[in-house]
Every structure is written in C-alpha cells, then in structure tokens.
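Have a look at the structure below, then the notes.
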Amino acid sequence: MPQNVMIVGDDNNNTLRYTALGDSLTAGVGTTKMEDTYPYILATKISAEHKSVVLNNFGIPGAKVKDVLDTQIDQALKTNPNLITLLIGTNDMHNRTSQIDFTSDVEKIITKLQDGTKAKIVVINIPYLEQSKLFISLYKYYFAKRAKEYNKKIQQIAQKYNLVYVDLYTHTVQTKQIYSPDLFHPSKESYLDWSNFIYEHTR
C-alpha cells in the first residue's frame with residue numbers, strides 16, 4: 001500500500017493525480033513528517049496552480065529498481081496518474097546491481113508506465129549524497145564515479161523514451177546539502193530544496 005494517499009489543495013474538477021515511485025529518498029527518510037517529503041512539497045506547489053492534487057507515494061526504504069518493477073508499478077497503474085516521478089538507483093549503486101540489469105529494469109518500468117498511462121513521466125537521476133562526513137575521501141570518489149555511470153544510463157533512457165529528465169546529481173553537487181542525523185539521508189531543508197528544483201521541470 002502507498003505510504004500516503006492525500007488530497008493537497010481544494011478539491012475541484014481540475015484534480016491532478018500524482019504518483020511517486022522510488023526508495024527511501026521518495027519515502028522521505030531523514031524527515032519526521034510526511035509534509036517534509038519531496039513528493040508532498042511538490043504536490044503542494046502544483047496545487048498552488050489552482051489544482052487539487054491526489055498524491056500516492058509508493059516509495060519504500062531500501063528499494064532497488066527490481067523492487068519498483070515488481071511491487072510498485074501495478075499499484076501505480078491503478079491510481080490512473082497524470083504525473084509520475086521516478087527516483088531510483090541509489091541502492092542499486094551501493095549494492096552493485098549490474099548496469100545491464102539496472103538499465104533493463106528501468107526500461108521495463110518505463111514501458112509499463114507508458115503502455116498503461118498517459119501520464120507525464122519525470123525521471124530523476126541519482127543525487128550526490130557523498131558530501132556527508134559519513135564517507136571518507138576514497139569512498140566519495142568511488143560512489144561519485146558509480147553515480148555518474150548509472151546516471152548516464154538513466155539519461156539515455158529518458159532521451160530514448162522522450163521523458164522529462166531532472167539532473168538532481170549536478171544540482172546536489174553544486175548546492176550544499178544538509179543531512180539528517182543518520183548522516184546519509186537529506187534533512188527536511190534539503191528535501192525542500194530538491195522539490196523546488198524538481199518543480200521547475202514539471203511545470
């Protein structure tokens with residue numbers, strides 16, 4: 001079941017159905033309130049355009065691309081979304097999912113979404129989270145290199161399927177991120193920053 005199903009804004013005939021797919025970054029780990037997650041903030045921003053937004057957040061902590069394919073897609077299709085965000089890959093990168101398998105499964109996700117909906121699909125690449133003190137210099141270099149490799153695949157898929165592509169990696173490299181107490185997940189301040197950045201690509 002989704003983490004939350006919520007109507008944001010005034011209920012009216014101009015309702016937009018927004019479904020968020022992904023892992024802990026979509027679920028909002030690092031925050032204590034649903035209202036501080038990037039999908040909720042994004043929904044709030046969209047609702048300011050005089051739309052009612054029905055938000056379904058299927059993000060699951062620890063999820064990899066295979067988990068999105070196996071457990072989130074069917075639920076997402078049932079919501080009949082107008083807008084979908086997909087942010088996945090951090091756990092695949094850290095757990096060494098092969099780039100071949102990762103690319104194949106992302107393409108399967110996109111194909112199922114495009115076959116089953118007419119939604120605008122926004123693909124967000126893997127952010128840069130290795131600024132944290134949790135990572136020593138060697139690991140920062142290693143994971144930055146891997147993130148770029150996976151993000152190249154994500155960008156190629158977005159271009160192939162004519163999707164909206166959000167380069168969150170470059171943004172998080174250039175912008176100082178504020179971390180939650182676990183020293184890895186973003187704080188509510190950084191999720192707010194992410195939502196502002198993503199919103200500019202969904203308008």
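As shown in the structure tokens, the chain order sets the letters A, B, ...; within each chain, residues go from 1, and ligands are also counted from 1 in the order they appear.
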Item to complete: Compile the contact shell of Ile178 of chain A as a PyMOL selection string: residues with an atom at most 9 Å away, counting only C-alpha atoms, same-chain residues fewer than 2 positions apart removed.
Response: chain A and resi 132+176+180+183+185-190
Write to file, as a compact mmCIF listing (two decimals), in the first residue's frame, the residues of the selection just made, with N, CA and C atoms.
```txt
# COMPACT_ATOMS: atom_id res chain seq x y z
N SER A 132 28.56 13.99 2.80
CA SER A 132 28.42 13.75 4.23
C SER A 132 29.74 13.29 4.86
N LYS A 176 25.11 22.98 -1.41
CA LYS A 176 25.46 22.34 -0.14
C LYS A 176 24.24 21.66 0.45
N SER A 180 20.34 14.62 7.50
CA SER A 180 19.61 14.21 8.70
C SER A 180 20.60 13.58 9.68
N LEU A 183 23.30 10.97 8.81
CA LEU A 183 24.46 11.42 8.02
C LEU A 183 24.45 10.93 6.57
N HIS A 185 20.84 10.41 4.65
CA HIS A 185 19.62 10.91 4.03
C HIS A 185 19.50 12.43 4.21
N PRO A 186 18.85 13.08 3.27
CA PRO A 186 18.70 14.53 3.37
C PRO A 186 17.83 14.93 4.56
N SER A 187 18.03 16.14 5.01
CA SER A 187 17.16 16.73 6.01
C SER A 187 15.95 17.33 5.32
N LYS A 188 15.01 17.83 6.12
CA LYS A 188 13.83 18.45 5.52
C LYS A 188 14.21 19.68 4.69
N GLU A 189 15.28 20.38 5.08
CA GLU A 189 15.73 21.54 4.32
C GLU A 189 16.20 21.14 2.93
N SER A 190 16.90 20.02 2.84
CA SER A 190 17.38 19.57 1.53
C SER A 190 16.24 19.01 0.69
```
Set out as a tab-separated table a contact list for segment 144-168 of chain A and segment 95-104 of chain A with a cut-off of 10 Å, giving each residue of segment 144-168 of chain A that qualifies its closest atom pair and distance in Å to one decimal, counting only C-alpha atoms, ordered by chain and rising residue number.
```
residue	atom	partner	partner_atom	distance
A:Arg146	CA	A:Arg96	CA	9.3
A:Glu149	CA	A:Gln99	CA	8.2
A:Tyr150	CA	A:Gln99	CA	6.8
A:Lys153	CA	A:Thr103	CA	6.4
A:Ile154	CA	A:Thr103	CA	7.4
A:Gln156	CA	A:Thr103	CA	9.4
A:Ile157	CA	A:Thr103	CA	7.9
```
Practice prompt. Would you mind writing down, as a PyMOL selection string, each residue of chain A that DSSP on the backbone assigns to helix (DSSP H, G or I)?
Written response: chain A and resi 24-27+34-36+38-47+65-78+90-94+99-116+137-160+168-174+188-202
Would you save the residues of that selection, restricted to C-alpha atoms, as an mmCIF file, in the first residue's frame?
```cif
data_model
loop_
_atom_site.group_PDB
_atom_site.id
_atom_site.type_symbol
_atom_site.label_atom_id
_atom_site.label_comp_id
_atom_site.auth_asym_id
_atom_site.auth_seq_id
_atom_site.Cartn_x
_atom_site.Cartn_y
_atom_site.Cartn_z
ATOM 1 C CA SER A 24 13.857 5.959 0.877
ATOM 2 C CA LEU A 25 14.508 9.278 -0.851
ATOM 3 C CA THR A 26 10.947 9.261 -2.151
ATOM 4 C CA ALA A 27 9.564 7.907 1.127
ATOM 5 C CA MET A 34 5.123 13.325 5.573
ATOM 6 C CA GLU A 35 4.727 17.025 4.813
ATOM 7 C CA ASP A 36 8.532 17.352 4.569
ATOM 8 C CA TYR A 38 9.761 15.987 -1.652
ATOM 9 C CA PRO A 39 6.617 14.432 -3.241
ATOM 10 C CA TYR A 40 4.352 16.171 -0.738
ATOM 11 C CA ILE A 41 6.079 19.534 -1.174
ATOM 12 C CA LEU A 42 5.945 19.094 -4.950
ATOM 13 C CA ALA A 43 2.224 18.316 -4.734
ATOM 14 C CA THR A 44 1.720 21.441 -2.654
ATOM 15 C CA LYS A 45 3.495 23.554 -5.254
ATOM 16 C CA ILE A 46 1.382 22.077 -8.036
ATOM 17 C CA SER A 47 -1.795 22.686 -6.025
ATOM 18 C CA VAL A 65 14.936 -0.910 -9.334
ATOM 19 C CA LYS A 66 13.745 -4.535 -9.325
ATOM 20 C CA ASP A 67 11.534 -3.770 -6.314
ATOM 21 C CA VAL A 68 9.908 -0.852 -8.130
ATOM 22 C CA LEU A 69 9.269 -3.120 -11.108
ATOM 23 C CA ASP A 70 7.892 -5.982 -9.031
ATOM 24 C CA THR A 71 5.928 -4.192 -6.285
ATOM 25 C CA GLN A 72 5.210 -0.566 -7.210
ATOM 26 C CA ILE A 73 4.237 -0.496 -10.887
ATOM 27 C CA ASP A 74 0.945 -2.410 -10.663
ATOM 28 C CA GLN A 75 -0.150 -0.235 -7.734
ATOM 29 C CA ALA A 76 0.878 2.899 -9.621
ATOM 30 C CA LEU A 77 -1.188 1.963 -12.681
ATOM 31 C CA LYS A 78 -4.288 1.562 -10.517
ATOM 32 C CA THR A 90 20.905 4.743 -5.033
ATOM 33 C CA ASN A 91 20.515 1.271 -3.508
ATOM 34 C CA ASP A 92 21.372 -0.401 -6.818
ATOM 35 C CA MET A 93 24.570 1.629 -6.961
ATOM 36 C CA HIS A 94 25.538 0.818 -3.381
ATOM 37 C CA GLN A 99 24.400 -1.686 -15.040
ATOM 38 C CA ILE A 100 22.980 -4.089 -17.632
ATOM 39 C CA ASP A 101 20.298 -5.337 -15.233
ATOM 40 C CA PHE A 102 19.647 -1.831 -13.932
ATOM 41 C CA THR A 103 19.159 -0.427 -17.430
ATOM 42 C CA SER A 104 16.937 -3.324 -18.466
ATOM 43 C CA ASP A 105 14.665 -2.968 -15.434
ATOM 44 C CA VAL A 106 14.358 0.812 -15.735
ATOM 45 C CA GLU A 107 13.320 0.363 -19.372
ATOM 46 C CA LYS A 108 10.738 -2.229 -18.326
ATOM 47 C CA ILE A 109 9.346 0.226 -15.757
ATOM 48 C CA ILE A 110 9.067 2.990 -18.334
ATOM 49 C CA THR A 111 7.492 0.701 -20.932
ATOM 50 C CA LYS A 112 4.842 -0.487 -18.469
ATOM 51 C CA LEU A 113 4.060 3.059 -17.388
ATOM 52 C CA GLN A 114 3.778 4.350 -20.942
ATOM 53 C CA ASP A 115 1.645 1.377 -22.017
ATOM 54 C CA GLY A 116 -0.657 1.736 -19.008
ATOM 55 C CA SER A 137 37.620 10.565 0.599
ATOM 56 C CA LEU A 138 38.191 7.204 -1.123
ATOM 57 C CA TYR A 139 34.519 6.240 -0.886
ATOM 58 C CA LYS A 140 33.393 9.685 -2.006
ATOM 59 C CA TYR A 141 35.405 9.274 -5.216
ATOM 60 C CA TYR A 142 34.197 5.692 -5.734
ATOM 61 C CA PHE A 143 30.493 6.434 -5.294
ATOM 62 C CA ALA A 144 30.660 9.661 -7.275
ATOM 63 C CA LYS A 145 32.124 7.666 -10.165
ATOM 64 C CA ARG A 146 29.423 4.995 -9.905
ATOM 65 C CA ALA A 147 26.640 7.575 -9.646
ATOM 66 C CA LYS A 148 27.826 9.183 -12.879
ATOM 67 C CA GLU A 149 27.846 5.794 -14.614
ATOM 68 C CA TYR A 150 24.303 4.914 -13.517
ATOM 69 C CA ASN A 151 23.079 8.430 -14.251
ATOM 70 C CA LYS A 152 24.388 8.189 -17.781
ATOM 71 C CA LYS A 153 22.146 5.147 -18.269
ATOM 72 C CA ILE A 154 19.185 6.977 -16.723
ATOM 73 C CA GLN A 155 19.686 9.959 -19.024
ATOM 74 C CA GLN A 156 19.943 7.728 -22.095
ATOM 75 C CA ILE A 157 16.662 6.033 -21.177
ATOM 76 C CA ALA A 158 14.947 9.386 -20.593
ATOM 77 C CA GLN A 159 16.056 10.568 -24.011
ATOM 78 C CA LYS A 160 15.079 7.300 -25.690
ATOM 79 C CA LEU A 168 19.431 16.232 -9.476
ATOM 80 C CA TYR A 169 23.024 14.973 -9.308
ATOM 81 C CA THR A 170 24.519 18.160 -10.729
ATOM 82 C CA HIS A 171 22.241 20.266 -8.545
ATOM 83 C CA THR A 172 23.306 18.443 -5.381
ATOM 84 C CA VAL A 173 26.973 18.710 -6.328
ATOM 85 C CA GLN A 174 26.634 22.457 -6.729
ATOM 86 C CA LYS A 188 13.825 18.452 5.515
ATOM 87 C CA GLU A 189 15.728 21.544 4.318
ATOM 88 C CA SER A 190 17.377 19.573 1.534
ATOM 89 C CA TYR A 191 14.137 17.849 0.555
ATOM 90 C CA LEU A 192 12.596 21.311 0.241
ATOM 91 C CA ASP A 193 15.493 22.342 -1.990
ATOM 92 C CA TRP A 194 15.014 19.205 -4.110
ATOM 93 C CA SER A 195 11.296 19.828 -4.512
ATOM 94 C CA ASN A 196 11.909 23.402 -5.677
ATOM 95 C CA PHE A 197 14.377 22.127 -8.263
ATOM 96 C CA ILE A 198 12.163 19.264 -9.460
ATOM 97 C CA TYR A 199 9.127 21.541 -9.663
ATOM 98 C CA GLU A 200 10.827 23.715 -12.266
ATOM 99 C CA HIS A 201 10.963 20.640 -14.544
ATOM 100 C CA THR A 202 7.338 19.582 -14.054
#
```
Practice prompt. One decimal, Å: what's the distance from atom CA of Val29 of chain A over to atom CA of Val123 of chain A, could you say?
Written response: 19.6 Å
Worksheet entry | atom CA of Thr37 of chain A to atom CA of Gln177 of chain A, straight-line distance in Å | 15.1 Å
Worksheet entry | Nearest to Leu163 of chain A by atom-to-atom distance, counting only C-alpha atoms, from A:Ile126, A:Ile88, A:Leu83, A:Val53 |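 Of A:Ile126, A:Ile88, A:Leu83, A:Val53, the one nearest Leu163 of chain A, counting only C-alpha atoms, is A:Leu83.
Using only C-alpha atoms for every distance, the candidate list A:Asp182, A:Val122, A:Leu86, A:Tyr128 yields A:Val122 as the residue closest to Asn162 of chain A.
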Fill in: Pick from A:Val164, A:Val54, A:Glu49, A:Lys33 nearest to Val8 of chain A, counting only C-alpha atoms
A:Val54
Worksheet item: When you draw a straight line from atom CA of His50 of chain A to atom CA of Arg203 of chain A, how long is it in Å?
Response: 13.1 Å
Discussion item. Let me make sure I understand: among A:Gly59, A:Pro127, A:Gly22, A:Gly30, which one has the smallest atom-to-atom distance to Phe184 of chain A if we use only C-alpha atoms?
Written reply: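 That would be A:Gly30, the residue with the smallest distance to Phe184 of chain A.
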